[in-house]
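Enquirer: Below is a structure I'd like to ask you about.
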Amino acid sequence: MHCFVCGNNDDKRSICKSCLTKELTHDILTCESCGTSFLYPLPSVAELNEFYGNTYYDFDKNKDEHGGGIFAKKLKRISKTGNFLDIGCSTGHFLKGIKDKSDWQVFGTEFSGNAVKYAKEKLELDVRQGDLKESGFTENYFDYIHMNNVLEHVTDPVLFLKEIFRVLKPKGTFELLVPNGEADVALLKRYFEEEKTPAKSKDGHIFFFSKKALLNMLEQTGFKIIKTKTCSVSRGLRVAGYLPLKKNWKEAYRLTEESGKEKKDFSPREPKKHSGAYYSYRYFMNNSKNLPGLHSFGLDFLIVAGKSRSADAQQKVRR
Ligand SMILES: [Zn+2]
């Protein structure tokens, strides 16, 4: 069986069973060569559509917009203006925050038709529905590409990274946040072992990348790693068993009658709006807990990458 990440053909070990909907159970296979685990068979488009429904977009729009405003300061330090892309931008409040606080042009891609409609109509943003490849961006277009928790949801992560590489400018920056797969898969495995029934891959994760696989995949696409950070350390320590888990942790992994069936009307939450100082405090407190480097005890990894010089040279030769 072929590994979708490193291409190794050795037999893959099934570590547990998992599912997205009631209809189909998947094995979670682990590649011994790169350490990545993934749902097998890979989910179909129909299965993913059923899983996501409309209830996946539960977020605090005020917090996202404020976060965009803070991010805009970082972008302005890079350049007065440029092209910014948020892959998997949801309803686009983060993008709106950047647009309002800078002269950068902002763009987004998003799978959910409802979220795209909202971003276009309510926030007047250029957000395109579907895969990055179908979005019609020309090569070397973006100065900064931001991707928060997307790579673990796509069915061909290697191809996805190649497309990001194509649309990023030679001196552009690619920032991605991705779960630490080895920690992320741990509770699915534990649930299956203790409950003797498949755990729901509750956030729709298909791939569980190891640190090694992530860095290899990026470097083989032509990226060079500029900075790495470990995030969500306390949650990672809970998963690893160093801190106690919440008593009811299994609830999120339990497949219920409603799982994936719910198609509620699309209406983003209207949370209480706090002062800007409150959101700034939360933003900086969250970031202050990040640690430099990629550590196995964190639940999420932040990686900042650029294009490597040799990759640029290769591109020029190909033309
Ligand atoms: Zn592999």
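Residue numbers start at 1 in each chain; chains themselves are named A, B, ... in the order of the structure tokens; ligands are numbered from 1 in the order shown.
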Check the DSSP output for the backbone and give back, as a PyMOL selection string, the residues of segment 143-286 of chain A in helix (DSSP H, G or I).
Expert: chain A and resi 151-153+157-167+181-184+186-195+211-221+233-239+249-253+276-286
Enquirer: With only C-alpha atoms and all ligand atoms counted and 6 Å as the cut-off, give the residues of chain A in contact with ligand 1, each with its shortest interatomic distance in Å and the pair that gives it, as a tab-separated table.
Expert:
residue	atom	partner	partner_atom_place_in_ligand_line	distance
A:Cys3	CA	ligand 1	1 (Zn)	4.6
A:Val5	CA	ligand 1	1 (Zn)	5.1
A:Cys6	CA	ligand 1	1 (Zn)	4.1
A:Gly7	CA	ligand 1	1 (Zn)	5.9
A:Asn8	CA	ligand 1	1 (Zn)	5.5
A:Cys31	CA	ligand 1	1 (Zn)	4.5
A:Ser33	CA	ligand 1	1 (Zn)	5.1
A:Cys34	CA	ligand 1	1 (Zn)	4.1
A:Thr36	CA	ligand 1	1 (Zn)	5.7
Enquirer: Could you tell me which of A:Cys16, A:Ala186, A:Val116, A:Asn148 comes closest to Gly241 of chain A if we count only C-alpha atoms?
Expert: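 Looking only at the distances to Gly241 of chain A, the closest residue turns out to be A:Ala186.
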Enquirer: I'd like the neighbourhood of Met217 of chain A as a PyMOL selection string, where a residue qualifies if any of its atoms comes within 12 Å (using only C-alpha atoms), though same-chain residues fewer than 6 positions away should be ignored.
Expert: chain A and resi 4-7+34+36+151+156-162+165+209-211+223-225+305
Enquirer: Hey, which of A:Asp60, A:Glu270, A:Glu193, A:Glu182 ends up closest to Lys17 of chain A? Count only C-alpha atoms.
Expert: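 Of the candidates, the smallest distance to Lys17 of chain A is held by A:Glu193.
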Enquirer: What is the atom CA of Phe59 of chain A to atom CA of Phe142 of chain A distance in Å?
Expert: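 According to the coordinates, atom CA of Phe59 of chain A and atom CA of Phe142 of chain A are separated by 26.3 Å.
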Enquirer: Counting only C-alpha atoms, which of A:Gln220, A:His274, A:Ile70, A:Asn290 gets nearest to Ser308 of chain A?
Expert: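 Closest residue, counting only C-alpha atoms: A:Gln220.
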Enquirer: Could you give me, as a PyMOL selection string, the residues within 9 Å of Phe111 of chain A, counting only C-alpha atoms and dropping anything in the same chain fewer than 3 positions from it?
Expert: chain A and resi 88+90+114-116+128-131
Enquirer: Which distance in Å separates atom CA of Glu134 of chain A and atom CA of Thr155 of chain A, to one decimal?
Expert: 15.2 Å
Enquirer: From the set A:Gly82, A:Gly108, A:Gly172, A:Gly67, which residue has the shortest atom-to-atom contact distance to Phe284 of chain A, counting only C-alpha atoms?
Expert: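 So, comparing all the options, the nearest one is A:Gly67.
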Enquirer: Would you list the contacts of Val150 of chain A as a list in words, taking every protein, DNA or RNA residue within 9 Å and counting only C-alpha atoms, but skipping same-chain residues closer than 3 positions in sequence?
Expert: Ile87, Gly88, Met147, His153, Val154, Leu176, Leu177, Val178 and His205 of chain A
Enquirer: Please produce a file of those selected residues containing N, CA and C atoms, as a PDB file, in the first residue's frame.
Expert:
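Listed below is the output, result.pdb:
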ATOM      1  N   ILE A  87      -5.976  30.515   2.849  1.00  0.00           N
ATOM      2  CA  ILE A  87      -6.568  29.278   2.329  1.00  0.00           C
ATOM      3  C   ILE A  87      -7.450  28.665   3.417  1.00  0.00           C
ATOM      4  N   GLY A  88      -8.708  28.422   3.086  1.00  0.00           N
ATOM      5  CA  GLY A  88      -9.654  27.928   4.088  1.00  0.00           C
ATOM      6  C   GLY A  88     -10.065  29.073   4.996  1.00  0.00           C
ATOM      7  N   MET A 147      -2.324  29.621   5.976  1.00  0.00           N
ATOM      8  CA  MET A 147      -3.203  28.443   5.925  1.00  0.00           C
ATOM      9  C   MET A 147      -3.303  27.839   7.322  1.00  0.00           C
ATOM     10  N   HIS A 153      -6.974  18.196   6.197  1.00  0.00           N
ATOM     11  CA  HIS A 153      -8.330  17.917   5.696  1.00  0.00           C
ATOM     12  C   HIS A 153      -8.352  17.522   4.221  1.00  0.00           C
ATOM     13  N   VAL A 154      -7.262  17.746   3.495  1.00  0.00           N
ATOM     14  CA  VAL A 154      -7.317  17.532   2.041  1.00  0.00           C
ATOM     15  C   VAL A 154      -6.906  16.100   1.695  1.00  0.00           C
ATOM     16  N   LEU A 176       1.911  28.137   7.766  1.00  0.00           N
ATOM     17  CA  LEU A 176       0.842  27.163   7.980  1.00  0.00           C
ATOM     18  C   LEU A 176       0.803  26.679   9.420  1.00  0.00           C
ATOM     19  N   LEU A 177      -0.428  26.492   9.872  1.00  0.00           N
ATOM     20  CA  LEU A 177      -0.655  25.907  11.182  1.00  0.00           C
ATOM     21  C   LEU A 177      -1.272  24.541  10.925  1.00  0.00           C
ATOM     22  N   VAL A 178      -0.713  23.524  11.539  1.00  0.00           N
ATOM     23  CA  VAL A 178      -1.166  22.155  11.255  1.00  0.00           C
ATOM     24  C   VAL A 178      -1.067  21.339  12.545  1.00  0.00           C
ATOM     25  N   HIS A 205     -10.394  15.401  10.291  1.00  0.00           N
ATOM     26  CA  HIS A 205      -9.004  15.192   9.877  1.00  0.00           C
ATOM     27  C   HIS A 205      -8.852  13.858   9.150  1.00  0.00           C
TER      28      HIS A 205
END
Enquirer: Compare A:Leu168, A:Leu75, A:Asn62, A:Val127 by their minimum atom-to-atom distance to Cys89 of chain A, counting only C-alpha atoms, and give me the closest one.
Expert: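 Selected residue with least distance to Cys89 of chain A: A:Val127.
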